[in-house]
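Asks: What follows is the file coords_16.cif, containing mmCIF, C-alpha atoms:
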data_data
#
loop_
_atom_site.label_atom_id
_atom_site.label_comp_id
_atom_site.auth_asym_id
_atom_site.auth_seq_id
_atom_site.Cartn_x
_atom_site.Cartn_y
_atom_site.Cartn_z
CA MET J 872 6.43 -8.48 -23.21
CA PHE J 873 8.15 -5.16 -22.56
CA THR J 874 10.96 -3.47 -24.41
CA ASP J 875 13.68 -1.98 -22.22
CA GLU J 876 12.22 1.51 -22.69
CA GLN J 877 8.68 0.34 -21.85
CA PHE J 878 9.89 -1.48 -18.75
CA THR J 879 11.84 1.56 -17.57
CA ARG J 880 8.81 3.82 -18.10
CA CYS J 881 6.57 1.32 -16.26
CA VAL J 882 8.95 1.22 -13.29
CA GLN J 883 9.18 5.02 -13.16
CA GLU J 884 5.39 5.40 -13.29
CA ASN J 885 4.54 2.68 -10.75
CA MET J 886 7.44 2.38 -8.31
CA ASN J 887 6.02 4.82 -5.76
CA THR J 888 2.62 3.15 -5.84
CA VAL J 889 4.07 -0.33 -5.31
CA PHE J 890 6.31 0.96 -2.52
CA ARG J 891 3.43 2.73 -0.77
CA VAL J 892 1.23 -0.38 -0.98
CA ALA J 893 4.06 -2.50 0.43
CA PHE J 894 4.83 0.03 3.16
CA SER J 895 1.20 0.38 4.17
CA TYR J 896 1.03 -3.38 4.49
CA MET J 897 4.40 -4.03 6.14
CA LYS J 898 5.07 -0.77 8.07
CA SER J 899 8.77 -1.25 7.34
CA ARG J 900 10.76 0.69 4.76
CA THR J 901 13.33 -2.06 4.25
CA ASP J 902 10.64 -4.69 3.74
CA ALA J 903 8.78 -2.36 1.37
CA ASP J 904 12.00 -1.76 -0.60
CA ASP J 905 12.62 -5.50 -0.88
CA ILE J 906 9.05 -6.21 -1.91
CA THR J 907 9.11 -3.41 -4.49
CA GLN J 908 12.28 -4.83 -5.98
CA ASN J 909 10.80 -8.34 -6.06
CA VAL J 910 7.61 -7.13 -7.72
CA PHE J 911 9.47 -5.41 -10.54
CA LEU J 912 11.78 -8.37 -10.94
CA LYS J 913 8.70 -10.56 -11.39
CA LEU J 914 7.34 -8.08 -13.93
CA PHE J 915 10.64 -8.16 -15.81
CA LYS J 916 10.52 -11.98 -15.94
CA GLU J 917 6.78 -12.07 -16.74
CA ASN J 918 6.05 -13.20 -20.28
CA LYS J 919 2.57 -11.75 -20.44
CA ASP J 920 0.85 -9.24 -22.65
CA PHE J 921 -1.02 -6.62 -20.67
CA ASP J 922 -4.08 -4.87 -22.09
CA ASP J 923 -3.13 -1.37 -20.94
CA ASP J 924 -1.37 0.62 -18.20
CA ALA J 925 -4.27 0.10 -15.78
CA HIS J 926 -3.95 -3.67 -16.22
CA VAL J 927 -0.21 -3.49 -15.47
CA ARG J 928 -0.85 -1.32 -12.40
CA HIS J 929 -3.51 -3.74 -11.12
CA TRP J 930 -1.14 -6.67 -11.65
CA LEU J 931 1.69 -4.87 -9.81
CA ILE J 932 -0.49 -4.09 -6.78
CA ARG J 933 -1.84 -7.64 -6.66
CA VAL J 934 1.71 -9.07 -6.79
CA ALA J 935 2.85 -6.56 -4.14
CA ILE J 936 0.06 -7.64 -1.78
CA ASN J 937 0.92 -11.30 -2.34
CA GLU J 938 4.61 -10.59 -1.69
CA CYS J 939 3.68 -8.81 1.54
CA LYS J 940 1.62 -11.76 2.72
CA LYS J 941 4.47 -14.12 1.88
CA THR J 942 6.99 -11.95 3.72
CA LEU J 943 4.81 -11.79 6.83
CA LEU J 944 5.02 -15.57 7.07
CA HIS J 945 8.82 -15.57 7.36
CA PRO J 946 9.99 -16.10 10.95
CA TRP J 947 13.03 -13.87 10.39
CA ARG J 948 10.88 -10.87 9.45
CA ARG J 949 12.35 -7.70 10.81
CA SER J 950 10.50 -4.55 11.74
CA GLU J 951 11.52 -0.93 11.61
CA PRO J 952 10.04 1.73 13.84
CA LEU J 953 7.52 3.86 11.99
CA GLU J 954 9.19 6.98 13.38
CA ASP J 955 12.46 6.14 11.58
CA TYR J 956 10.69 6.08 8.23
CA ALA J 957 8.52 9.10 9.02
CA ALA J 958 11.67 11.10 9.81
CA THR J 959 12.66 10.76 6.14
CA LEU J 960 9.33 12.18 4.92
CA THR J 961 8.30 15.79 4.63
CA PHE J 962 4.75 16.84 5.33
CA SER J 963 3.24 20.09 4.12
CA THR J 964 1.32 20.61 7.36
CA PRO J 965 1.29 19.13 10.86
CA GLU J 966 -2.17 17.74 10.06
CA HIS J 967 -0.76 15.68 7.19
CA SER J 968 1.87 14.25 9.53
CA GLU J 969 -0.78 13.46 12.13
CA LEU J 970 -2.97 11.78 9.52
CA PHE J 971 -0.03 9.73 8.22
CA TYR J 972 0.63 8.33 11.71
CA ALA J 973 -3.06 7.69 12.26
CA VAL J 974 -3.43 5.76 8.99
CA MET J 975 -0.23 3.77 9.58
CA ASN J 976 -1.42 2.80 13.07
CA LEU J 977 -4.72 1.38 11.83
CA PRO J 978 -5.07 -2.41 11.94
CA LYS J 979 -3.68 -3.86 8.69
CA LYS J 980 -7.01 -4.83 7.15
CA TYR J 981 -8.30 -1.27 7.55
CA ARG J 982 -5.00 0.41 6.68
CA VAL J 983 -4.67 -1.33 3.29
CA ALA J 984 -8.28 -0.64 2.31
CA VAL J 985 -8.02 3.03 3.33
CA PHE J 986 -4.75 3.45 1.45
CA LEU J 987 -6.00 1.88 -1.77
CA TYR J 988 -9.29 3.79 -1.66
CA TYR J 989 -8.12 7.27 -0.66
CA TYR J 990 -4.52 7.41 -1.89
CA GLU J 991 -4.66 5.20 -4.98
CA ASP J 992 -8.27 6.03 -5.99
CA TYR J 993 -9.44 2.44 -6.37
CA THR J 994 -13.12 1.63 -6.12
CA THR J 995 -14.40 -0.83 -3.54
CA ASP J 996 -14.97 -3.40 -6.30
CA GLU J 997 -11.37 -3.01 -7.52
CA ILE J 998 -10.03 -3.31 -3.97
CA SER J 999 -12.19 -6.40 -3.54
CA GLN J 1000 -10.50 -7.99 -6.55
CA LEU J 1001 -7.02 -6.94 -5.42
CA LEU J 1002 -7.44 -8.32 -1.91
CA GLY J 1003 -9.58 -11.30 -2.84
CA ILE J 1004 -12.37 -10.38 -0.43
CA PRO J 1005 -16.04 -9.43 -1.00
CA SER J 1006 -16.89 -5.80 -1.82
CA ALA J 1007 -19.10 -5.63 1.27
CA THR J 1008 -16.08 -6.53 3.40
CA VAL J 1009 -14.05 -3.76 1.77
CA ARG J 1010 -16.82 -1.26 2.53
CA THR J 1011 -16.90 -2.49 6.14
CA HIS J 1012 -13.11 -2.12 6.42
CA LEU J 1013 -13.34 1.42 5.04
CA LYS J 1014 -16.15 2.34 7.42
CA ARG J 1015 -14.33 0.95 10.45
CA GLY J 1016 -11.05 2.48 9.32
CA ARG J 1017 -12.70 5.90 9.07
CA GLU J 1018 -14.21 5.41 12.54
CA HIS J 1019 -10.77 4.55 13.96
CA LEU J 1020 -9.25 7.58 12.24
CA LYS J 1021 -11.96 9.89 13.52
CA ILE J 1022 -11.46 8.73 17.11
CA THR J 1023 -7.67 8.93 16.83
CA VAL J 1024 -7.68 12.43 15.36
CA MET J 1025 -10.26 13.68 17.85
CA GLU J 1026 -8.24 12.28 20.77
CA ALA J 1027 -5.06 13.87 19.42
CA ASN J 1028 -6.81 17.23 19.24
CA GLY J 1029 -8.27 16.89 22.74
CA HIS J 1030 -11.90 16.67 21.63
CA VAL J 1031 -12.76 13.44 23.41
#
Would you put the structure from the file into structure tokens?
Replies:
Amino acid sequence: MFTDEQFTRCVQENMNTVFRVAFSYMKSRTDADDITQNVFLKLFKENKDFDDDAHVRHWLIRVAINECKKTLLHPWRRSEPLEDYAATLTFSTPEHSELFYAVMNLPKKYRVAVFLYYYEDYTTDEISQLLGIPSATVRTHLKRGREHLKITVMEANGHV
């Protein structure tokens, strides 16, 4: 159980991570905002003692992924063009912008694995637990995601 100060600190430390996981899954800022809000509402209502900050972070990502899957099942699901969200971001170099679009255009199963591995620094075993799939499948998704990214970036630079 969290005190108000602990909950506030937890939200501040993890909100961007939860949002990025939700956005990488949903490719919609409004859906990612809604999912982020739902995840922290569930945490607020959760009557559970967590071992440490890593345990809380793992729980938040797992709940975010489950919320994304649940949202994708709704027939009223709305989508937002990726360009609208990207217009609100600032990239330090054109290459970062290009990579962002390439990662966001990967098929979902590759996109989520690549995001968790490279941006959130999870191991393949941890991603396996988060997604509920075998570690070998995670490694395959990473390998294929990297292959897709390589082809996309090479095509964009005129090397193919």
Asks: Hey, what's within 9 Å of J:Arg933 if we count only C-alpha atoms and toss same-chain stuff fewer than 4 positions away? As a PDB file with C-alpha atoms, in the frame of the given file, please?
Replies:
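As written to disk, part39.pdb reads:
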ATOM      1  CA  ARG J 928      -0.850  -1.320 -12.400  1.00  0.00           C
ATOM      2  CA  HIS J 929      -3.510  -3.740 -11.120  1.00  0.00           C
ATOM      3  CA  ASN J 937       0.920 -11.300  -2.340  1.00  0.00           C
ATOM      4  CA  GLU J 938       4.610 -10.590  -1.690  1.00  0.00           C
ATOM      5  CA  GLN J1000     -10.500  -7.990  -6.550  1.00  0.00           C
ATOM      6  CA  LEU J1001      -7.020  -6.940  -5.420  1.00  0.00           C
ATOM      7  CA  LEU J1002      -7.440  -8.320  -1.910  1.00  0.00           C
TER       8      LEU J1002
END
Asks: What's the separation between atom CA of J:Thr961 and atom CA of J:Thr942, in Å to one decimal place?
Replies: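 Going from atom CA of J:Thr961 over to atom CA of J:Thr942, I get 27.8 Å.
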Asks: Give me, please, the distance in Å between atom CA of J:Phe911 and atom CA of J:Tyr981, quoted to one decimal.
Replies: 25.7 Å
Asks: Please determine, counting only C-alpha atoms, which residue among J:Ala893, J:Leu1020, J:Ile936, J:Val927 has the shortest atom-to-atom distance to J:Pro978.
Replies: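 Checking each of J:Ala893, J:Leu1020, J:Ile936, J:Val927 against J:Pro978, counting only C-alpha atoms, the winner is J:Leu1020.
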Asks: Show which residues sit within 12 Å of J:Lys1014, as a list in words. Count all atoms listed in the file, and ignore same-chain residues fewer than 6 positions away.
Replies: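 Skipping anything fewer than 6 positions along the chain leaves Lys980, Tyr981, Arg982, Ala984, Val985, Tyr988, Thr995, Ala1007, Thr1008, Leu1020 and Lys1021 of chain J.
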Asks: Grab the atom CA of J:Val1024 to atom CA of J:Ile932 distance for me, in Å with one decimal place.
Replies: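 One can read the atom CA of J:Val1024 to atom CA of J:Ile932 distance as 28.5 Å.
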Asks: Could you please fill out stretch 1000-1015 of chain J with N, CA and C atoms and send it back as a PDB file, keeping the file's coordinate frame?
Replies:
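Contents of the output file rebuild.pdb:
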ATOM      1  N   GLN J1000     -11.240  -7.089  -5.645  1.00  0.00           N
ATOM      2  CA  GLN J1000     -10.500  -7.990  -6.550  1.00  0.00           C
ATOM      3  C   GLN J1000      -9.035  -8.077  -6.145  1.00  0.00           C
ATOM      4  N   LEU J1001      -8.436  -6.944  -5.797  1.00  0.00           N
ATOM      5  CA  LEU J1001      -7.020  -6.940  -5.420  1.00  0.00           C
ATOM      6  C   LEU J1001      -6.762  -7.767  -4.165  1.00  0.00           C
ATOM      7  N   LEU J1002      -7.648  -7.640  -3.188  1.00  0.00           N
ATOM      8  CA  LEU J1002      -7.440  -8.320  -1.910  1.00  0.00           C
ATOM      9  C   LEU J1002      -8.073  -9.699  -1.845  1.00  0.00           C
ATOM     10  N   GLY J1003      -8.915  -9.998  -2.831  1.00  0.00           N
ATOM     11  CA  GLY J1003      -9.580 -11.300  -2.840  1.00  0.00           C
ATOM     12  C   GLY J1003     -10.626 -11.452  -1.751  1.00  0.00           C
ATOM     13  N   ILE J1004     -11.310 -10.354  -1.436  1.00  0.00           N
ATOM     14  CA  ILE J1004     -12.370 -10.380  -0.430  1.00  0.00           C
ATOM     15  C   ILE J1004     -13.626  -9.757  -1.028  1.00  0.00           C
ATOM     16  N   PRO J1005     -14.801 -10.021  -0.462  1.00  0.00           N
ATOM     17  CA  PRO J1005     -16.040  -9.430  -1.000  1.00  0.00           C
ATOM     18  C   PRO J1005     -16.053  -7.903  -0.899  1.00  0.00           C
ATOM     19  N   SER J1006     -16.763  -7.267  -1.824  1.00  0.00           N
ATOM     20  CA  SER J1006     -16.890  -5.800  -1.820  1.00  0.00           C
ATOM     21  C   SER J1006     -17.509  -5.295  -0.523  1.00  0.00           C
ATOM     22  N   ALA J1007     -18.467  -6.033   0.009  1.00  0.00           N
ATOM     23  CA  ALA J1007     -19.100  -5.630   1.270  1.00  0.00           C
ATOM     24  C   ALA J1007     -18.067  -5.596   2.399  1.00  0.00           C
ATOM     25  N   THR J1008     -17.133  -6.512   2.386  1.00  0.00           N
ATOM     26  CA  THR J1008     -16.080  -6.530   3.400  1.00  0.00           C
ATOM     27  C   THR J1008     -15.181  -5.316   3.253  1.00  0.00           C
ATOM     28  N   VAL J1009     -14.870  -4.952   2.010  1.00  0.00           N
ATOM     29  CA  VAL J1009     -14.050  -3.760   1.770  1.00  0.00           C
ATOM     30  C   VAL J1009     -14.766  -2.520   2.310  1.00  0.00           C
ATOM     31  N   ARG J1010     -16.056  -2.408   2.035  1.00  0.00           N
ATOM     32  CA  ARG J1010     -16.820  -1.260   2.530  1.00  0.00           C
ATOM     33  C   ARG J1010     -16.834  -1.230   4.069  1.00  0.00           C
ATOM     34  N   THR J1011     -16.942  -2.407   4.681  1.00  0.00           N
ATOM     35  CA  THR J1011     -16.900  -2.490   6.140  1.00  0.00           C
ATOM     36  C   THR J1011     -15.537  -2.057   6.663  1.00  0.00           C
ATOM     37  N   HIS J1012     -14.463  -2.515   6.007  1.00  0.00           N
ATOM     38  CA  HIS J1012     -13.110  -2.120   6.420  1.00  0.00           C
ATOM     39  C   HIS J1012     -12.924  -0.611   6.297  1.00  0.00           C
ATOM     40  N   LEU J1013     -13.446  -0.028   5.217  1.00  0.00           N
ATOM     41  CA  LEU J1013     -13.340   1.420   5.040  1.00  0.00           C
ATOM     42  C   LEU J1013     -14.117   2.160   6.130  1.00  0.00           C
ATOM     43  N   LYS J1014     -15.317   1.699   6.400  1.00  0.00           N
ATOM     44  CA  LYS J1014     -16.150   2.340   7.420  1.00  0.00           C
ATOM     45  C   LYS J1014     -15.473   2.275   8.790  1.00  0.00           C
ATOM     46  N   ARG J1015     -14.986   1.104   9.150  1.00  0.00           N
ATOM     47  CA  ARG J1015     -14.330   0.950  10.450  1.00  0.00           C
ATOM     48  C   ARG J1015     -13.005   1.698  10.504  1.00  0.00           C
TER      49      ARG J1015
END
